[in-house]
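Pasted below: start.cif, mmCIF, C-alpha atoms; chains and numbers go by the auth columns.
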data_work
loop_
_atom_site.group_PDB
_atom_site.id
_atom_site.type_symbol
_atom_site.label_atom_id
_atom_site.label_comp_id
_atom_site.label_asym_id
_atom_site.label_seq_id
_atom_site.Cartn_x
_atom_site.Cartn_y
_atom_site.Cartn_z
_atom_site.B_iso_or_equiv
_atom_site.auth_seq_id
_atom_site.auth_asym_id
ATOM 1 C CA MET A 1 94.704 101.941 98.960 0.00 1 A
ATOM 2 C CA LYS A 2 94.345 101.303 95.282 0.00 2 A
ATOM 3 C CA TRP A 3 96.125 98.414 93.611 0.00 3 A
ATOM 4 C CA TRP A 4 96.239 96.953 90.120 0.00 4 A
ATOM 5 C CA GLY A 5 97.820 93.964 88.550 0.00 5 A
ATOM 6 C CA TYR A 6 98.992 92.384 85.373 0.00 6 A
ATOM 7 C CA ILE A 7 100.002 89.032 84.020 0.00 7 A
ATOM 8 C CA HIS A 8 103.646 89.062 83.012 0.00 8 A
ATOM 9 C CA GLU A 9 104.667 87.289 79.812 0.00 9 A
ATOM 10 C CA ASN A 10 106.216 84.541 81.982 0.00 10 A
ATOM 11 C CA GLY A 11 102.772 83.892 83.515 0.00 11 A
ATOM 12 C CA SER A 12 103.402 85.446 86.916 0.00 12 A
ATOM 13 C CA LEU A 13 100.881 87.726 88.586 0.00 13 A
ATOM 14 C CA GLN A 14 102.312 91.144 89.395 0.00 14 A
ATOM 15 C CA ILE A 15 100.553 93.371 91.956 0.00 15 A
ATOM 16 C CA LYS A 16 101.352 97.086 91.996 0.00 16 A
ATOM 17 C CA ARG A 17 100.207 100.144 93.942 0.00 17 A
ATOM 18 C CA PHE A 18 98.067 102.330 91.690 0.00 18 A
ATOM 19 C CA LEU A 19 99.408 105.859 91.672 0.00 19 A
ATOM 20 C CA ASP A 20 97.868 107.322 88.536 0.00 20 A
ATOM 21 C CA ASP A 21 96.835 106.493 84.967 0.00 21 A
ATOM 22 C CA ARG A 22 100.456 106.557 83.812 0.00 22 A
ATOM 23 C CA ASP A 23 100.888 103.162 85.498 0.00 23 A
ATOM 24 C CA LEU A 24 98.344 101.623 83.148 0.00 24 A
ATOM 25 C CA GLU A 25 99.587 103.546 80.124 0.00 25 A
ATOM 26 C CA ASP A 26 103.116 102.244 80.716 0.00 26 A
ATOM 27 C CA ALA A 27 101.794 98.718 81.116 0.00 27 A
ATOM 28 C CA CYS A 28 99.866 98.959 77.846 0.00 28 A
ATOM 29 C CA GLU A 29 103.082 99.849 76.049 0.00 29 A
ATOM 30 C CA SER A 30 105.226 97.180 77.693 0.00 30 A
ATOM 31 C CA PRO A 31 106.069 94.068 75.682 0.00 31 A
ATOM 32 C CA PHE A 32 106.241 92.102 78.959 0.00 32 A
ATOM 33 C CA VAL A 33 102.603 92.670 79.959 0.00 33 A
ATOM 34 C CA LYS A 34 100.285 89.948 78.706 0.00 34 A
ATOM 35 C CA ARG A 35 97.093 91.153 80.409 0.00 35 A
ATOM 36 C CA ILE A 36 96.174 94.119 82.602 0.00 36 A
ATOM 37 C CA LEU A 37 93.854 93.477 85.534 0.00 37 A
ATOM 38 C CA PRO A 38 91.453 95.996 87.090 0.00 38 A
ATOM 39 C CA ILE A 39 92.173 98.527 89.805 0.00 39 A
ATOM 40 C CA VAL A 40 90.950 97.397 93.233 0.00 40 A
ATOM 41 C CA ASP A 41 90.560 99.454 96.391 0.00 41 A
ATOM 42 C CA VAL A 42 91.590 97.285 99.338 0.00 42 A
ATOM 43 C CA PRO A 43 93.760 97.894 102.416 0.00 43 A
ATOM 44 C CA SER A 44 96.729 95.661 101.575 0.00 44 A
ATOM 45 C CA ARG A 45 98.705 93.978 98.820 0.00 45 A
ATOM 46 C CA GLU A 46 97.627 90.595 100.144 0.00 46 A
ATOM 47 C CA GLU A 47 93.958 91.549 99.826 0.00 47 A
ATOM 48 C CA ALA A 48 94.574 92.887 96.330 0.00 48 A
ATOM 49 C CA GLU A 49 96.117 89.569 95.346 0.00 49 A
ATOM 50 C CA LYS A 50 93.095 87.649 96.671 0.00 50 A
ATOM 51 C CA VAL A 51 90.664 89.885 94.797 0.00 51 A
ATOM 52 C CA LEU A 52 92.603 89.763 91.533 0.00 52 A
ATOM 53 C CA VAL A 53 93.060 85.975 91.681 0.00 53 A
ATOM 54 C CA ALA A 54 89.301 85.626 92.263 0.00 54 A
ATOM 55 C CA TYR A 55 88.664 87.981 89.329 0.00 55 A
ATOM 56 C CA MET A 56 90.836 85.853 87.048 0.00 56 A
ATOM 57 C CA ALA A 57 89.137 82.644 88.216 0.00 57 A
ATOM 58 C CA LYS A 58 85.677 84.095 87.586 0.00 58 A
ATOM 59 C CA ASP A 59 86.776 85.328 84.165 0.00 59 A
ATOM 60 C CA ALA A 60 88.204 81.898 83.314 0.00 60 A
ATOM 61 C CA LEU A 61 84.915 80.204 84.259 0.00 61 A
ATOM 62 C CA LYS A 62 83.017 82.462 81.867 0.00 62 A
ATOM 63 C CA LYS A 63 85.123 81.103 79.034 0.00 63 A
ATOM 64 C CA LEU A 64 84.212 77.470 79.706 0.00 64 A
#
Take the structure in this file and express it as structure tokens.
Amino acid sequence: MKWWGYIHENGSLQIKRFLDDRDLEDACESPFVKRILPIVDVPSREEAEKVLVAYMAKDALKKL
């Protein structure tokens, strides 16, 4: 299954099933989306959350 995520303006991590590119297009236009995270192909939402949290942590370390 493919999943993607975004950081909501309130700081929460949102995980969504990826259906097609319209998901990302809608997110790009939303005033509530602070940052869009990559699409990941993992079997469950829980795994997607782990991968995306690790991605954000790695990205944050690069900025130090």
Report the centre and edge lengths, in Å to one decimal, of an axis-aligned box enclosing every atom of region 17-30 of chain A listed in the file, padded by 8 Å on each side, as JSON.
{"center_x": 101.0, "center_y": 102.3, "center_z": 85.0, "size_x": 24.4, "size_y": 26.1, "size_z": 33.9}
Discussion item. If we count all atoms listed in the file and set the cut-off at 10 Å, which residues sit around Asp20 (chain A), ignoring sequence neighbours fewer than 4 positions away in its own chain? Please answer as an MDAnalysis selection string.
Written reply: chainID A and resid 2 24:25
Discussion item. Which residues are close to region 50-64 of chain A, i.e. within 9 Å by all atoms listed in the file, leaving aside same-chain residues fewer than 3 positions away? Reply as a PyMOL selection string.
Written reply: chain A and resi 4-5+13+15+37-40+42+45-47
Discussion item. So that I can see what lies close to Val33 (chain A), please list as a list in words the residues with an atom at most 9 Å from it, counting only C-alpha atoms and leaving out residues fewer than 4 positions away in the same chain.
Written reply: Tyr6, Ile7, His8, Glu9, Ala27, Cys28 and Glu29 of chain A
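Atom to atom, CA of Gln14 (chain A) and CA of Lys34 (chain A) stand 10.9 Å apart.
Taking CA of Gly11 (chain A) as the reference point, CA of Asp26 (chain A) is found at 18.6 Å.
Among the candidates A:Ser30, A:Pro43, A:Ala48, A:Arg35, the one nearest to Lys16 (chain A) when counting all atoms listed in the file is A:Ala48.
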